[in-house]
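Trainee: Please read through the structure below; I'll follow up with questions.
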Amino acid sequence: MREAARKNLAEAAAKNPWFREEFVEIREGDALDIAVEDGKVGVAVQNCLFNIFEADELEQALAETYRVLRPHGRFVLSDPVALPTRCPST
């Protein structure tokens, strides 16, 4: 995932003259123990991750995210929701 993020940053920099790759720091980490000091993150983003946690781990991951956010920081979530489909009756 980190390599994909690096490629996306390079592409964003190539397509947007205002964007610089150094605007973003890619780190190895764990949602349950984020290796960042308290209150240092302006925007935290997760995509398709929190839906796999059990309730206690989800609470820990959310608490970690809140811990690292600056005052008035933003947390962006993207988890798909799928409605169950009915099987046609036979």
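The chains in the structure tokens are called A, B, ... from first to last as shown; in each chain the residues are counted from 1, and the ligands are counted from 1 in the order shown.
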Excluding segment 62-64 of chain A and any residue of its chain fewer than 5 positions from it, enumerate the residues within 8 Å of it, using only C-alpha atoms, and give them as a PDB file with N, CA and C atoms, in the first residue's frame.

Mentor:
```
ATOM      1  N   ALA A  31      -3.271   0.811  13.018  1.00  0.00           N
ATOM      2  CA  ALA A  31      -4.405   1.630  13.464  1.00  0.00           C
ATOM      3  C   ALA A  31      -4.665   1.508  14.964  1.00  0.00           C
ATOM      4  N   LEU A  32      -4.181   0.436  15.580  1.00  0.00           N
ATOM      5  CA  LEU A  32      -4.403   0.234  17.014  1.00  0.00           C
ATOM      6  C   LEU A  32      -3.313   0.877  17.865  1.00  0.00           C
ATOM      7  N   ASP A  33      -2.228   1.292  17.220  1.00  0.00           N
ATOM      8  CA  ASP A  33      -1.102   1.910  17.935  1.00  0.00           C
ATOM      9  C   ASP A  33      -0.370   2.814  16.948  1.00  0.00           C
ATOM     10  N   ILE A  34      -0.924   3.997  16.714  1.00  0.00           N
ATOM     11  CA  ILE A  34      -0.389   4.905  15.702  1.00  0.00           C
ATOM     12  C   ILE A  34       0.893   5.548  16.218  1.00  0.00           C
TER      13      ILE A  34
END
```

Trainee: Using only C-alpha atoms, which protein or nucleic acid residues come within 12 Å of Val36 of chain A? Drop anything in the same chain fewer than 5 positions from it, and give the result as a VMD selection string.

Mentor: chain A and resid 25 to 31 41 to 42 44 64 to 70

Trainee: With N, CA and C atoms retained, export the selected residues as a PDB file, in the first residue's frame.

Mentor:
```
ATOM      1  N   GLU A  25       3.505  12.667   4.190  1.00  0.00           N
ATOM      2  CA  GLU A  25       4.478  11.742   4.769  1.00  0.00           C
ATOM      3  C   GLU A  25       3.831  10.364   4.881  1.00  0.00           C
ATOM      4  N   ILE A  26       4.431   9.387   4.252  1.00  0.00           N
ATOM      5  CA  ILE A  26       3.920   8.012   4.294  1.00  0.00           C
ATOM      6  C   ILE A  26       4.679   7.270   5.379  1.00  0.00           C
ATOM      7  N   ARG A  27       3.936   6.684   6.305  1.00  0.00           N
ATOM      8  CA  ARG A  27       4.551   5.939   7.404  1.00  0.00           C
ATOM      9  C   ARG A  27       3.980   4.533   7.490  1.00  0.00           C
ATOM     10  N   GLU A  28       4.798   3.625   7.971  1.00  0.00           N
ATOM     11  CA  GLU A  28       4.303   2.298   8.302  1.00  0.00           C
ATOM     12  C   GLU A  28       3.632   2.413   9.658  1.00  0.00           C
ATOM     13  N   GLY A  29       2.515   1.744   9.824  1.00  0.00           N
ATOM     14  CA  GLY A  29       1.851   1.882  11.113  1.00  0.00           C
ATOM     15  C   GLY A  29       0.764   0.859  11.331  1.00  0.00           C
ATOM     16  N   ASP A  30       0.103   1.043  12.448  1.00  0.00           N
ATOM     17  CA  ASP A  30      -0.948   0.150  12.905  1.00  0.00           C
ATOM     18  C   ASP A  30      -2.061   1.012  13.471  1.00  0.00           C
ATOM     19  N   ALA A  31      -3.271   0.811  13.018  1.00  0.00           N
ATOM     20  CA  ALA A  31      -4.405   1.630  13.464  1.00  0.00           C
ATOM     21  C   ALA A  31      -4.665   1.508  14.964  1.00  0.00           C
ATOM     22  N   VAL A  41      -1.636  15.454  13.801  1.00  0.00           N
ATOM     23  CA  VAL A  41      -2.189  15.159  12.485  1.00  0.00           C
ATOM     24  C   VAL A  41      -3.339  16.113  12.169  1.00  0.00           C
ATOM     25  N   GLY A  42      -3.262  16.742  11.001  1.00  0.00           N
ATOM     26  CA  GLY A  42      -4.326  17.647  10.581  1.00  0.00           C
ATOM     27  C   GLY A  42      -5.487  16.914   9.937  1.00  0.00           C
ATOM     28  N   ALA A  44      -6.713  12.804   9.045  1.00  0.00           N
ATOM     29  CA  ALA A  44      -6.524  11.358   9.045  1.00  0.00           C
ATOM     30  C   ALA A  44      -7.574  10.756   8.120  1.00  0.00           C
ATOM     31  N   GLU A  64      -7.271   5.996  19.025  1.00  0.00           N
ATOM     32  CA  GLU A  64      -5.935   6.323  18.525  1.00  0.00           C
ATOM     33  C   GLU A  64      -6.004   7.441  17.488  1.00  0.00           C
ATOM     34  N   THR A  65      -6.977   7.354  16.612  1.00  0.00           N
ATOM     35  CA  THR A  65      -7.139   8.392  15.596  1.00  0.00           C
ATOM     36  C   THR A  65      -7.428   9.731  16.263  1.00  0.00           C
ATOM     37  N   TYR A  66      -8.339   9.742  17.201  1.00  0.00           N
ATOM     38  CA  TYR A  66      -8.669  10.978  17.912  1.00  0.00           C
ATOM     39  C   TYR A  66      -7.449  11.526  18.648  1.00  0.00           C
ATOM     40  N   ARG A  67      -6.647  10.645  19.233  1.00  0.00           N
ATOM     41  CA  ARG A  67      -5.464  11.052  19.994  1.00  0.00           C
ATOM     42  C   ARG A  67      -4.471  11.819  19.133  1.00  0.00           C
ATOM     43  N   VAL A  68      -4.261  11.363  17.889  1.00  0.00           N
ATOM     44  CA  VAL A  68      -3.243  11.988  17.050  1.00  0.00           C
ATOM     45  C   VAL A  68      -3.731  13.229  16.311  1.00  0.00           C
ATOM     46  N   LEU A  69      -5.051  13.435  16.258  1.00  0.00           N
ATOM     47  CA  LEU A  69      -5.578  14.598  15.554  1.00  0.00           C
ATOM     48  C   LEU A  69      -5.306  15.887  16.310  1.00  0.00           C
ATOM     49  N   ARG A  70      -4.992  16.945  15.553  1.00  0.00           N
ATOM     50  CA  ARG A  70      -4.877  18.288  16.116  1.00  0.00           C
ATOM     51  C   ARG A  70      -6.269  18.755  16.545  1.00  0.00           C
TER      52      ARG A  70
END
```

Trainee: Taking 5 positions as the minimum chain separation for residues in the same chain, which residues sit within 9 Å of segment 47-54 of chain A when counting only C-alpha atoms? Answer as an NGL selection string.

Mentor: :A and (59 or 61-62 or 76-80)

Trainee: Any idea what the distance is between atom CA of Leu58 of chain A and atom CA of Phe75 of chain A?

Mentor: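 Separation of atom CA of Leu58 of chain A and atom CA of Phe75 of chain A: 14.5 Å.
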
Trainee: In Å to one decimal, how far is atom CA of His72 of chain A from atom CA of Val43 of chain A?

Mentor: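 A separation of 9.5 Å between them.
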
Trainee: Got a sec to tell me which of chain A DSSP assigns to strand (DSSP E or B), as a list in words?

Mentor: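 Those in chain A that DSSP calls strand (DSSP E or B) are Val41, Gly42, Val43, Ala44, Val45, Gln46, Asn47, Leu69, Arg70, Pro71, His72, Gly73, Arg74, Phe75, Val76, Leu77 and Ser78 of chain A.
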
Trainee: Let me see the file: selected residues, C-alpha atoms, as a JSON list (two decimals), in the first residue's frame.

Mentor:
```json
[["chain", "number", "residue", "atom", "x", "y", "z"],
["A", 41, "VAL", "CA", -2.19, 15.16, 12.48],
["A", 42, "GLY", "CA", -4.33, 17.65, 10.58],
["A", 43, "VAL", "CA", -6.21, 15.09, 8.48],
["A", 44, "ALA", "CA", -6.52, 11.36, 9.04],
["A", 45, "VAL", "CA", -8.05, 9.23, 6.30],
["A", 46, "GLN", "CA", -9.05, 5.59, 6.27],
["A", 47, "ASN", "CA", -10.54, 3.59, 3.44],
["A", 69, "LEU", "CA", -5.58, 14.60, 15.55],
["A", 70, "ARG", "CA", -4.88, 18.29, 16.12],
["A", 71, "PRO", "CA", -7.66, 20.35, 17.67],
["A", 72, "HIS", "CA", -10.25, 20.80, 14.91],
["A", 73, "GLY", "CA", -8.45, 18.15, 12.81],
["A", 74, "ARG", "CA", -10.45, 16.13, 10.35],
["A", 75, "PHE", "CA", -11.09, 12.42, 10.14],
["A", 76, "VAL", "CA", -12.34, 11.13, 6.79],
["A", 77, "LEU", "CA", -13.92, 7.68, 6.63],
["A", 78, "SER", "CA", -14.73, 5.69, 3.53]]
```

Trainee: Expressed in Å to a single decimal, how great is the separation between atom CA of Glu21 of chain A and atom CA of Arg6 of chain A?

Mentor: 8.3 Å

Trainee: So that I can check the surroundings of Asn8 of chain A, please list as an NGL selection string every protein, DNA and RNA residue that reaches within 12 Å of it, counting only C-alpha atoms and ignoring chain neighbours fewer than 5 positions away.

Mentor: :A and (1-3 or 13-16 or 19-21 or 24 or 26)

Trainee: Would you write out those residues with C-alpha atoms, as an mmCIF file, in the first residue's frame?

Mentor:
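Produced file again.cif, reproduced below:
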```
data_model
loop_
_atom_site.group_PDB
_atom_site.id
_atom_site.type_symbol
_atom_site.label_atom_id
_atom_site.label_comp_id
_atom_site.auth_asym_id
_atom_site.auth_seq_id
_atom_site.Cartn_x
_atom_site.Cartn_y
_atom_site.Cartn_z
ATOM 1 C CA MET A 1 0.000 0.000 0.000
ATOM 2 C CA ARG A 2 2.848 2.373 0.733
ATOM 3 C CA GLU A 3 4.290 1.789 -2.734
ATOM 4 C CA ALA A 13 2.600 15.993 -8.525
ATOM 5 C CA ALA A 14 2.980 15.443 -12.271
ATOM 6 C CA LYS A 15 -0.614 16.500 -12.978
ATOM 7 C CA ASN A 16 -0.921 19.387 -10.503
ATOM 8 C CA PHE A 19 1.213 19.834 -5.493
ATOM 9 C CA ARG A 20 4.471 18.572 -3.997
ATOM 10 C CA GLU A 21 5.099 14.993 -2.901
ATOM 11 C CA VAL A 24 2.514 13.994 2.448
ATOM 12 C CA ILE A 26 3.920 8.012 4.294
#
```

Trainee: Could you pull out the helix (DSSP H, G or I) residues of chain A from DSSP and send them as a PDB file with C-alpha atoms, in the first residue's frame?

Mentor:
```
ATOM      1  CA  ARG A   2       2.848   2.373   0.733  1.00  0.00           C
ATOM      2  CA  GLU A   3       4.290   1.789  -2.734  1.00  0.00           C
ATOM      3  CA  ALA A   4       0.873   2.463  -4.309  1.00  0.00           C
ATOM      4  CA  ALA A   5       0.631   5.670  -2.257  1.00  0.00           C
ATOM      5  CA  ARG A   6       4.070   6.786  -3.480  1.00  0.00           C
ATOM      6  CA  LYS A   7       3.030   6.194  -7.092  1.00  0.00           C
ATOM      7  CA  ASN A   8      -0.194   8.139  -6.555  1.00  0.00           C
ATOM      8  CA  LEU A   9       1.729  11.036  -5.015  1.00  0.00           C
ATOM      9  CA  ALA A  10       4.109  11.131  -7.981  1.00  0.00           C
ATOM     10  CA  GLU A  11       1.173  11.122 -10.384  1.00  0.00           C
ATOM     11  CA  ALA A  12      -0.579  13.886  -8.430  1.00  0.00           C
ATOM     12  CA  ALA A  13       2.600  15.993  -8.525  1.00  0.00           C
ATOM     13  CA  ALA A  14       2.980  15.443 -12.271  1.00  0.00           C
ATOM     14  CA  LYS A  15      -0.614  16.500 -12.978  1.00  0.00           C
ATOM     15  CA  GLU A  21       5.099  14.993  -2.901  1.00  0.00           C
ATOM     16  CA  GLU A  22       6.707  16.272   0.302  1.00  0.00           C
ATOM     17  CA  PHE A  23       3.276  17.581   1.379  1.00  0.00           C
ATOM     18  CA  PHE A  50     -12.675  -0.084  10.088  1.00  0.00           C
ATOM     19  CA  ASN A  51     -15.371  -2.452   8.873  1.00  0.00           C
ATOM     20  CA  ILE A  52     -13.029  -5.403   9.580  1.00  0.00           C
ATOM     21  CA  ALA A  55     -16.052  -3.720  18.457  1.00  0.00           C
ATOM     22  CA  ASP A  56     -13.225  -3.459  21.026  1.00  0.00           C
ATOM     23  CA  GLU A  57     -10.573  -2.996  18.327  1.00  0.00           C
ATOM     24  CA  LEU A  58     -12.743  -0.441  16.547  1.00  0.00           C
ATOM     25  CA  GLU A  59     -13.005   1.594  19.757  1.00  0.00           C
ATOM     26  CA  GLN A  60      -9.211   1.418  20.178  1.00  0.00           C
ATOM     27  CA  ALA A  61      -8.586   2.446  16.543  1.00  0.00           C
ATOM     28  CA  LEU A  62     -10.985   5.387  16.843  1.00  0.00           C
ATOM     29  CA  ALA A  63      -9.392   6.459  20.141  1.00  0.00           C
ATOM     30  CA  GLU A  64      -5.935   6.323  18.525  1.00  0.00           C
ATOM     31  CA  THR A  65      -7.139   8.392  15.596  1.00  0.00           C
ATOM     32  CA  TYR A  66      -8.669  10.978  17.912  1.00  0.00           C
ATOM     33  CA  ARG A  67      -5.464  11.052  19.994  1.00  0.00           C
ATOM     34  CA  VAL A  68      -3.243  11.988  17.050  1.00  0.00           C
TER      35      VAL A  68
END
```
